[in-house]
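Enquirer: The structure follows.
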Number of protein chains: 4
Amino acid sequence: MHEECGVFGIYSHTADTGISNACYYGLFALQHRGQESCGIAVNNDGTITCMKDMGLVGDVFTPETLDKLQGTIAIGHVRYSTTGASTRENAQPLVTHYIKGTISIAHNGNLTNCITLRKELEDKGAIFQTTVDSEVIAYLVAKERSVSPSIEAAVENTMRMIEGGYALLVMSPRKLIAARDPYGLKPLVMGDLNGDTVFASETCALDACGASYVRDVEPGEIVIVDEEGIRSVKTKARRRAGCIFEYIYFARPDSVIDGISVYESRIRAGRLLYEQHPVDADIVIGVPESGLDAALGFSEASGIPYVKGFVKNSYIGRTFIKPSQEQRANAVRIKLNPISSSVKGKRVVMTDDSIVRGTTIANIVKLLRQAGASEVHVRISSPPFLHPCYYGTDVPSTDNLIACRHSIPEICKIIGADSLGYLDVGSLSSMLGVENGEKFYCDACFTGDYPNADTGIDLMEMN
Amino acid sequence: MHEECGVFGIYSHTADTGISNACYYGLFALQHRGQESCGIAVNNDGTITCMKDMGLVGDVFTPETLDKLQGTIAIGHVRYSTTGASTRENAQPLVTHYIKGTISIAHNGNLTNCITLRKELEDKGAIFQTTVDSEVIAYLVAKERSVSPSIEAAVENTMRMIEGGYALLVMSPRKLIAARDPYGLKPLVMGDLNGDTVFASETCALDACGASYVRDVEPGEIVIVDEEGIRSVKTKARRRAGCIFEYIYFARPDSVIDGISVYESRIRAGRLLYEQHPVDADIVIGVPESGLDAALGFSEASGIPYVKGFVKNSYIGRTFIKPSQEQRANAVRIKLNPISSSVKGKRVVMTDDSIVRGTTIANIVKLLRQAGASEVHVRISSPPFLHPCYYGTDVPSTDNLIACRHSIPEICKIIGADSLGYLDVGSLSSMLGVENGEKFYCDACFTGDYPNADTGIDLMEMN
Amino acid sequence: MHEECGVFGIYSHTADTGISNACYYGLFALQHRGQESCGIAVNNDGTITCMKDMGLVGDVFTPETLDKLQGTIAIGHVRYSTTGASTRENAQPLVTHYIKGTISIAHNGNLTNCITLRKELEDKGAIFQTTVDSEVIAYLVAKERSVSPSIEAAVENTMRMIEGGYALLVMSPRKLIAARDPYGLKPLVMGDLNGDTVFASETCALDACGASYVRDVEPGEIVIVDEEGIRSVKTKARRRAGCIFEYIYFARPDSVIDGISVYESRIRAGRLLYEQHPVDADIVIGVPESGLDAALGFSEASGIPYVKGFVKNSYIGRTFIKPSQEQRANAVRIKLNPISSSVKGKRVVMTDDSIVRGTTIANIVKLLRQAGASEVHVRISSPPFLHPCYYGTDVPSTDNLIACRHSIPEICKIIGADSLGYLDVGSLSSMLGVENGEKFYCDACFTGDYPNADTGIDLMEMN
Amino acid sequence: MHEECGVFGIYSHTADTGISNACYYGLFALQHRGQESCGIAVNNDGTITCMKDMGLVGDVFTPETLDKLQGTIAIGHVRYSTTGASTRENAQPLVTHYIKGTISIAHNGNLTNCITLRKELEDKGAIFQTTVDSEVIAYLVAKERSVSPSIEAAVENTMRMIEGGYALLVMSPRKLIAARDPYGLKPLVMGDLNGDTVFASETCALDACGASYVRDVEPGEIVIVDEEGIRSVKTKARRRAGCIFEYIYFARPDSVIDGISVYESRIRAGRLLYEQHPVDADIVIGVPESGLDAALGFSEASGIPYVKGFVKNSYIGRTFIKPSQEQRANAVRIKLNPISSSVKGKRVVMTDDSIVRGTTIANIVKLLRQAGASEVHVRISSPPFLHPCYYGTDVPSTDNLIACRHSIPEICKIIGADSLGYLDVGSLSSMLGVENGEKFYCDACFTGDYPNADTGIDLMEMN
């Protein structure tokens, strides 16, 4: 399961020369949101220089390339492909030339009506060189710009046409525009870096470049930054529905999204798991890295000691050579090795963030038993995964989701656990620290309750 | 001075699997037409796979990448940037998706009304991701396709709109289309490779992939190849005006363009040079590589022995580290070293194809004198360079053309020669082996007589 | 502070073809012991193929290169340079040809009499192409081999000449020989992989390649593996003195060295720290990664809750561009970002494994205060660092060791902590889980008590 | 057939900083002597920095790496492997550390007693890390140095022990020493670059770096350059026997070896070919590049016009993908395309420098016939190849030499020529411009007359 993208943007009110460095460090902090390609586009008085390629931020950019990225406005992007093939053409930012000059776009999210919009544009003669939504957005903004008084008005008009979840950065020759979808599905925050204005997918990127947090961009809001300052335009908001999976898995634990600490949510999820699925055990361990925080919460609530159960090999990257079929049994252990002295003879509670296919967790449970665990109780800090995501998360088809085909007792048996407990779907508000009131997040992957189902969009077109 | 591009295309009537190899060898033979980037796009039953990058054919393609380029239609391209920056985005073939599917374009030449056309498209909302003419052509074809019964009709309509010199290959899901501008400015030939149809900028590419020469594509002609066979559409031809510089410098000597051998033309140029500028001397030498053939012709006509005057270092490529200022005097010698035993104490006739700025030839003359030549008589196998080319040749601005600022005697003095003779502009027909009749080539760079000057196009827009 | 190397070796009794893969996964698991260069040498019936280069295991080896490394005996190495420059020449294994054939060596450790030995060899005409100790060992083994009945006898003779700490793998055309220094300074274990014999610096490498642990190679022991089986030769052992820093910092927590779990040692260090330096606080956090385990032990002993205090950016590798001077304040935060919600308003105990110069920890303390920590109490799970290591650990010169120049209260002030506690040097046995008896580890870096000080070796020659 | 190496060295009397650049340009000019690996070692006040790798000079060195190669003495090397595998370990210069400091060696040639010498060294405990002769030389010099008053005396002693052909550059902390074998088998010249002393395999390298020719190093001579100036030591010379193949094929035509112009030799070979094997024909052509000069000589002597018969593709390098079996017929044409207009209907004389296996020339003859040549008369500017070379030239085993297994009429038939003529072995002196006197060159590959056959060396050990 993967989040598809992270965005970062900066507008220098002070003609500072360090904006490409700020971008670089911001993208470094967002690397967990996309490891396939990355890019930075810089605007120097109307001239755009864009550097993008397949690979990690640290591999694509060198001191020499950063030096060439001089200017006063910059946007950057890290990408994991959900829609669009994993090719160099699809790397962002997307830089396009149109009647009013040049427009650069960095975009996180998926449009649910992208196919329809693309078809309409093609009917009028448009040609496409990529398979990413961003190119559709670029066309729409370019088209609206010719009938609008300003680029921000064109963006506003475009937002009336596009449906789905998005955090969008648009860089024109003189402006930096940030926009967030009307549901707030995708996160987007604003920061201040010594007087310069910064936007980023997560607050951890603000920390990394030395910016202070100002506020989250509101659902449906457009923020325009230019030499006159910062302005906000509010388009019609819909019911607030921030992606719950940012808290469960995607976002970095040191980030705060819409006022809620990601780390605290995960600790609370662990506590709730104990309340909902208590068990008598000797130790609590988490599956690194994303399962560790819930283990701490579970330990705290239960009083069962938290110990380190596994060592994760931090050097395994893209270039790792996968074991052959006969060595496959060993594959998990290369990445994740149990600490025998911790688990031997122990009744173990093991937390993880989710179960997708079930294969990996089954291997991990097996490893624990081989290492001598007497019991293995699995606790999952999210409800069962049942529905596809149309907003930009890479979820396997429902055929491959174990919870679509099996009951929880069946899954427990398949993964070889002594017991299995999922977080109750009704306690997601509690996980976010809100005890009452109506739902303010999107949990469609668990419930099928898609926030834009009422817009008449045929979500199935996405498949 | 550089030619900008070479194109190669193949349509397999026999579902042969070797088309990417044929492309590879064809492009290898066309490498002299462009060394900055190259690419091959292959159509496999409607699915396009395109591989392109900065670099030489031999560096960009590996056996592994060629293996992935399987299909039944393919087009390829080598590029030297004349318009459009030298960036990866601008590499060709250009693959675009539009309402009727996918269209791939490989293109040699420049449109003289490109800026106007681009502006018109932008007015209607088009966005551009590259700065190459090919993207304008792709838009026009896509737009015309929606109002035309077939892709070939769309190409025909497009040709009514575009002005300039071009050899164009268009690949649709089921067709390969070749088109040549109405003046025949750019060369384009058709060949047969064991029943498959091949197009290439020069006949040397046919030889390299094992194809036999069928015929030149006619000026203004569109050739369509699909499962029904080969068809031809003739658009309104203008006065025939093939680029004279293909014969003088660009094309490979083993190529035959529009029925005229490039090598023979260069030999004839050497003979004419002797007739027009005879001189009493001991030896004739040529500046490698392009000046060698004229030296043979000069020797033959004059009876003065032809000897090797220089050794050219064949390992100097893109990565060569240029000598620093203090070592500069030496720079020419690293690339081109005179053979002292050949020239010492001799009265030398030295032929070259052209003089642009005059700097290089001045250094070469100096080298010869240092090596002991008693006299150096320079003979240039083309007329003086006086006008810009609007059709895709990279000529420096007239400010930098030595012949725009100096008389021939002045140039002779500047380059340090004992005498200097240019080929007479009136003898270009003779050079091509045609003694009478009207002009059938473009010599605008010498005369300012632009073949499409009568179309009302403001050529100056090109600057 | 860095450990210099990891070694891995395998002898296949079954002519299995997977030995290069086993090496690859073993080295992957040892990557934390050396990230500068790596290599694998394979013996195929007397023919050696060696592949080594600068870089990480995952970057140096591809499926293609692994495929070429076929054979029945293999040794591998990961290296961080302590002695010898960081160059490609110095990468290991070292393959040398001598009178009896070919010998390959992979070696972890430093010889304290290397300079003397090298000089003696040079006096007799030896030439050296590298600056690593392994070349001296290769010479000695080659020399002894000519007067010894077997390669193992030559290794035994060599061990009488060399002084210091080493884990050594020697591969001859038909044998794999493992040797450990007489003090057991460097770790070396033996494992079994489906009947094949494996050696590795740490047990985590056995786990990674699917081997089971057999036993540690004993101090001073030579283990010979050939077609006749496994034999052991015991040279005269000295007092047992395994490097204490393997437990404190170098080794992976899932490894077990000489029967003692590394993870358990670190937990015990945390407990001891609380006993020796109790403090009233709200939370305990660790500096990732090596400080986390002690935090768990401290929390367990004190009852103060353990929470996650920092998020470490796992994508920062060798290619990371360091912030410029003006951005430097920010540098720590890019790598290590505090979780504000965890520490804000809290009295924090923070554990780390050691303090070398003090600069990094001072920045981390500062970060915690900026994030709102009301108090910061630093606890170090080792005694103060006071003496150089002559056995292969990269420690800065004593001038740069903060504890050599400042008292503990001064250090506390310099790093900005509210209190500072080091682990008592007298409790290191307890840390290793042994309450009584004589010292069986090397703690020379804390005490100056060098285990081979009595051999008359001038350790100062090492400087 | 390949020459194995080129060497270049420079000693700056003026502490000039440009020595690595001089080396770079010198090696560029010697690239034809070796394309597998290259390297430069620079001595900066006793500190050696060496940069070497597989690849061409232009690929291995960048402005950044050249900048790091600062010093006052430098030696460089280009290598094609004849002995020793084609691996990075075998790249030169070889830098070794020994009792007196550091010694760097760049070496062209083969020792005929290398195996014996190596065995003697191994008997005394020497270990070898490469398979090149240079490592044996380094050992001998190191060993002799300990019993000699100076490095030059050690080199002199070493020359008494080694047998074969060599041009040797030795760099010590304060000296540059050049040595040439007693037969003068390998070429080596001395030059002057603004007061600095330069050595190179060929004069073309002097030209490239701007040095003037001083003289050839004499057979058996040692030239020592240090701060006291230039000194010469003459060891006992043997009968002069410079390699004849330098003139026929290896050397660049602009080089002058031992006072004889390479280009002139080739022209004379062409003239002699006509005298010895006259034929009635329409045109003379040469096989590029090495066959072109003889064609000029043949044309001059016969009066038959010289024309360009082929175009050679200058972009085909190491990365060229070889045609598959079914495309093989085409392989020659990709590299070498006949100019049909030149040869069609013509009786053609075609010169080439040698025939090894006969396969390539058979294909070329076939190409000419396909292009319409009515007759093809092949003339080879060397005698038939019959014997192996023990001095460093890469000649196939005699099994593969067509002239060992077939008579000239048979070869003529095999290659499909109408007639075939080789240069008479008795006219090689004439080729070198010397009409009388005893033989002063080595023609062992044609005659089996090995210049050091009388030294009792078993040349067969070389096989």
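Identifiers in this document derive from the order of the structure tokens: chains are assigned A, B, ..., residues are numbered from 1 separately in each chain, and ligands are numbered from 1 in order of occurrence.
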List every residue of chain C that has an atom at most 6 Å from any atom of chain A, and for each one report the closest atom pair and its distance in Å to one decimal, counting only C-alpha atoms, with rows sorted by chain and then by increasing residue number, as a tab-separated table.
Expert:
residue	atom	partner	partner_atom	distance
C:Gly58	CA	A:Phe320	CA	5.3
C:Ala208	CA	A:Ile334	CA	4.6
C:Asp254	CA	A:Ile339	CA	4.8
C:Thr319	CA	A:Gly58	CA	5.4
C:Phe320	CA	A:Gly58	CA	5.3
C:Arg333	CA	A:Ala208	CA	5.9
C:Ile334	CA	A:Ala208	CA	4.6
C:Ile339	CA	A:Asp254	CA	4.8
Enquirer: Create the file for the chosen residues now, containing C-alpha atoms and written as a CSV table (one decimal), in the first residue's frame.
Expert:
chain,number,residue,atom,x,y,z
C,58,GLY,CA,23.0,-3.4,-2.8
C,208,ALA,CA,19.9,-13.5,6.9
C,254,ASP,CA,19.6,-9.2,17.1
C,319,THR,CA,24.5,11.4,-1.3
C,320,PHE,CA,22.8,13.8,1.1
C,333,ARG,CA,16.5,18.4,12.4
C,334,ILE,CA,16.6,17.1,8.8
C,339,ILE,CA,7.9,14.8,18.0
Enquirer: Neighbours of Asp216 of chain D within 9 Å (only C-alpha atoms; same-chain residues fewer than 2 positions away dropped), as a list in words?
Expert: Pro187, Leu188, Val189, Met190, Gly191, Tyr213, Val214, Glu218, Pro219, Ile257, Asp258 and Gly259 of chain D
Enquirer: Convert the current residue selection to file output with C-alpha atoms, as a PDB file, in the first residue's frame.
Expert:
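Contents of out.pdb, as written:
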ATOM      1  CA  PRO D 187      59.370   2.829 -29.481  1.00  0.00           C
ATOM      2  CA  LEU D 188      60.072   5.584 -26.959  1.00  0.00           C
ATOM      3  CA  VAL D 189      60.835   9.225 -27.631  1.00  0.00           C
ATOM      4  CA  MET D 190      61.925  12.199 -25.563  1.00  0.00           C
ATOM      5  CA  GLY D 191      60.536  15.705 -25.953  1.00  0.00           C
ATOM      6  CA  TYR D 213      60.823  16.345 -30.336  1.00  0.00           C
ATOM      7  CA  VAL D 214      64.298  15.977 -28.824  1.00  0.00           C
ATOM      8  CA  GLU D 218      68.227   4.561 -27.658  1.00  0.00           C
ATOM      9  CA  PRO D 219      67.878   0.777 -27.467  1.00  0.00           C
ATOM     10  CA  ILE D 257      59.908   6.384 -35.109  1.00  0.00           C
ATOM     11  CA  ASP D 258      63.682   6.150 -34.937  1.00  0.00           C
ATOM     12  CA  GLY D 259      63.925   8.807 -37.607  1.00  0.00           C
TER      13      GLY D 259
END
Enquirer: Can you pull out every residue within 8 Å of Ile103 of chain B, counting only C-alpha atoms, but drop anything in the same chain fewer than 4 positions away, and send it as a PDB file with N, CA, C and O atoms, in the first residue's frame?
Expert:
ATOM      1  N   VAL B  95       5.802  11.138 -28.561  1.00  0.00           N
ATOM      2  CA  VAL B  95       4.627  10.260 -28.492  1.00  0.00           C
ATOM      3  C   VAL B  95       3.491  11.009 -27.809  1.00  0.00           C
ATOM      4  O   VAL B  95       3.653  11.491 -26.691  1.00  0.00           O
ATOM      5  N   THR B  96       2.358  11.138 -28.474  1.00  0.00           N
ATOM      6  CA  THR B  96       1.244  11.855 -27.860  1.00  0.00           C
ATOM      7  C   THR B  96      -0.035  11.034 -27.973  1.00  0.00           C
ATOM      8  O   THR B  96      -0.212  10.230 -28.880  1.00  0.00           O
ATOM      9  N   HIS B  97      -0.882  11.225 -26.975  1.00  0.00           N
ATOM     10  CA  HIS B  97      -2.174  10.547 -26.930  1.00  0.00           C
ATOM     11  C   HIS B  97      -3.232  11.567 -27.293  1.00  0.00           C
ATOM     12  O   HIS B  97      -3.207  12.688 -26.798  1.00  0.00           O
ATOM     13  N   TYR B  98      -4.152  11.188 -28.148  1.00  0.00           N
ATOM     14  CA  TYR B  98      -5.207  12.116 -28.535  1.00  0.00           C
ATOM     15  C   TYR B  98      -6.485  11.327 -28.736  1.00  0.00           C
ATOM     16  O   TYR B  98      -6.542  10.127 -28.447  1.00  0.00           O
ATOM     17  N   ALA B 138       2.142  17.633 -34.080  1.00  0.00           N
ATOM     18  CA  ALA B 138       1.293  16.646 -33.413  1.00  0.00           C
ATOM     19  C   ALA B 138      -0.078  17.231 -33.105  1.00  0.00           C
ATOM     20  O   ALA B 138      -1.120  16.594 -33.314  1.00  0.00           O
ATOM     21  N   VAL B 170       5.192   9.764 -39.349  1.00  0.00           N
ATOM     22  CA  VAL B 170       4.085   9.723 -38.394  1.00  0.00           C
ATOM     23  C   VAL B 170       3.672   8.260 -38.227  1.00  0.00           C
ATOM     24  O   VAL B 170       3.428   7.571 -39.217  1.00  0.00           O
ATOM     25  N   MET B 171       3.620   7.817 -36.980  1.00  0.00           N
ATOM     26  CA  MET B 171       3.238   6.433 -36.713  1.00  0.00           C
ATOM     27  C   MET B 171       1.928   6.421 -35.937  1.00  0.00           C
ATOM     28  O   MET B 171       1.842   6.969 -34.839  1.00  0.00           O
ATOM     29  N   SER B 172       0.890   5.836 -36.538  1.00  0.00           N
ATOM     30  CA  SER B 172      -0.385   5.668 -35.837  1.00  0.00           C
ATOM     31  C   SER B 172      -0.498   4.198 -35.440  1.00  0.00           C
ATOM     32  O   SER B 172       0.371   3.407 -35.784  1.00  0.00           O
ATOM     33  N   PRO B 173      -1.548   3.827 -34.702  1.00  0.00           N
ATOM     34  CA  PRO B 173      -1.618   2.432 -34.260  1.00  0.00           C
ATOM     35  C   PRO B 173      -1.518   1.422 -35.407  1.00  0.00           C
ATOM     36  O   PRO B 173      -1.042   0.309 -35.206  1.00  0.00           O
TER      37      PRO B 173
END
Enquirer: So which one's closest to Ala453 of chain B, B:Pro278, B:Gly71, B:Pro388, B:Gly164? Using only C-alpha atoms, please.
Expert: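 For Ala453 of chain B, the nearest of the given residues is B:Gly164.
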Enquirer: What's the 10 Å shell around Ile408 of chain C, counting only C-alpha atoms, without same-chain residues fewer than 5 positions away, as a PyMOL selection string?
Expert: chain C and resi 384+402-403+413-414+419-422
Enquirer: Go ahead and write the selection's residues with all heavy atoms as a CSV table (one decimal), in the first residue's frame.
Expert:
chain,number,residue,atom,x,y,z
C,384,PRO,N,32.7,7.3,30.1
C,384,PRO,CA,33.3,8.3,29.2
C,384,PRO,C,34.5,7.7,28.4
C,384,PRO,O,35.3,6.9,28.9
C,384,PRO,CB,33.9,9.3,30.3
C,384,PRO,CG,33.1,9.1,31.5
C,384,PRO,CD,32.7,7.6,31.5
C,402,ILE,N,35.7,14.8,24.1
C,402,ILE,CA,35.3,15.8,25.0
C,402,ILE,C,35.6,15.4,26.5
C,402,ILE,O,36.0,16.2,27.3
C,402,ILE,CB,33.8,16.1,24.9
C,402,ILE,CG1,33.4,17.4,25.6
C,402,ILE,CG2,32.9,14.9,25.3
C,402,ILE,CD1,32.0,17.9,25.3
C,403,ALA,N,35.5,14.0,26.7
C,403,ALA,CA,35.8,13.6,28.1
C,403,ALA,C,37.2,13.7,28.5
C,403,ALA,O,37.6,13.6,29.7
C,403,ALA,CB,35.3,12.1,28.3
C,413,LYS,N,27.2,20.8,31.1
C,413,LYS,CA,26.9,22.3,30.8
C,413,LYS,C,27.1,22.5,29.3
C,413,LYS,O,26.3,23.2,28.7
C,413,LYS,CB,27.9,23.1,31.6
C,413,LYS,CG,27.5,24.5,31.8
C,413,LYS,CD,28.4,25.3,32.8
C,413,LYS,CE,28.1,26.8,32.7
C,413,LYS,NZ,29.1,27.6,33.4
C,414,ILE,N,28.2,22.0,28.7
C,414,ILE,CA,28.5,22.2,27.3
C,414,ILE,C,27.3,21.7,26.5
C,414,ILE,O,26.9,22.3,25.5
C,414,ILE,CB,29.8,21.5,26.9
C,414,ILE,CG1,31.0,22.2,27.6
C,414,ILE,CG2,30.0,21.4,25.4
C,414,ILE,CD1,32.3,21.5,27.5
C,419,SER,N,20.9,17.3,33.6
C,419,SER,CA,21.8,16.4,34.3
C,419,SER,C,22.4,15.5,33.3
C,419,SER,O,21.9,15.3,32.2
C,419,SER,CB,21.1,15.7,35.4
C,419,SER,OG,20.3,14.6,34.8
C,420,LEU,N,23.5,14.9,33.7
C,420,LEU,CA,24.2,13.9,32.8
C,420,LEU,C,24.7,12.8,33.6
C,420,LEU,O,25.4,13.0,34.6
C,420,LEU,CB,25.4,14.7,32.1
C,420,LEU,CG,26.4,13.8,31.3
C,420,LEU,CD1,25.7,13.1,30.2
C,420,LEU,CD2,27.6,14.7,30.8
C,421,GLY,N,24.5,11.6,33.1
C,421,GLY,CA,25.0,10.4,33.8
C,421,GLY,C,25.6,9.4,32.8
C,421,GLY,O,25.0,9.1,31.8
C,422,TYR,N,26.8,8.9,33.1
C,422,TYR,CA,27.4,7.9,32.3
C,422,TYR,C,27.3,6.6,33.0
C,422,TYR,O,27.2,6.5,34.2
C,422,TYR,CB,28.9,8.2,32.1
C,422,TYR,CG,29.3,9.2,31.1
C,422,TYR,CD1,29.6,10.5,31.5
C,422,TYR,CD2,29.6,8.9,29.8
C,422,TYR,CE1,30.0,11.5,30.6
C,422,TYR,CE2,30.0,9.8,28.9
C,422,TYR,CZ,30.2,11.2,29.3
C,422,TYR,OH,30.6,12.1,28.4
Enquirer: Near Gly416 of chain D, within 7 Å and counting only C-alpha atoms, which residues show up once chain neighbours fewer than 4 positions away are dropped, as a list in words?
Expert: Ala362, Val365 and Cys412 of chain D
Enquirer: Quick one: everything within 7 Å of Leu432 of chain D, counting only C-alpha atoms, minus sequence neighbours fewer than 2 positions away in the same chain. Send it as a ChimeraX atom specification.
Expert: /D:260,265,428-430,434
Enquirer: Please indicate the distance in Å from atom CA of Arg240 of chain B to atom CA of Glu163 of chain B, rounded to one decimal place.
Expert: 14.5 Å
Enquirer: Got a sec to tell me which of segment 207-338 of chain B DSSP assigns to strand (DSSP E), as JSON, numbers by chain?
Expert: {"B": [212, 213, 214, 215, 216, 221, 222, 223, 224, 225, 226, 229, 230, 231, 232, 233, 234, 242, 243, 256, 257, 260, 261, 283, 284, 285, 286, 310, 311, 312, 336, 337, 338]}
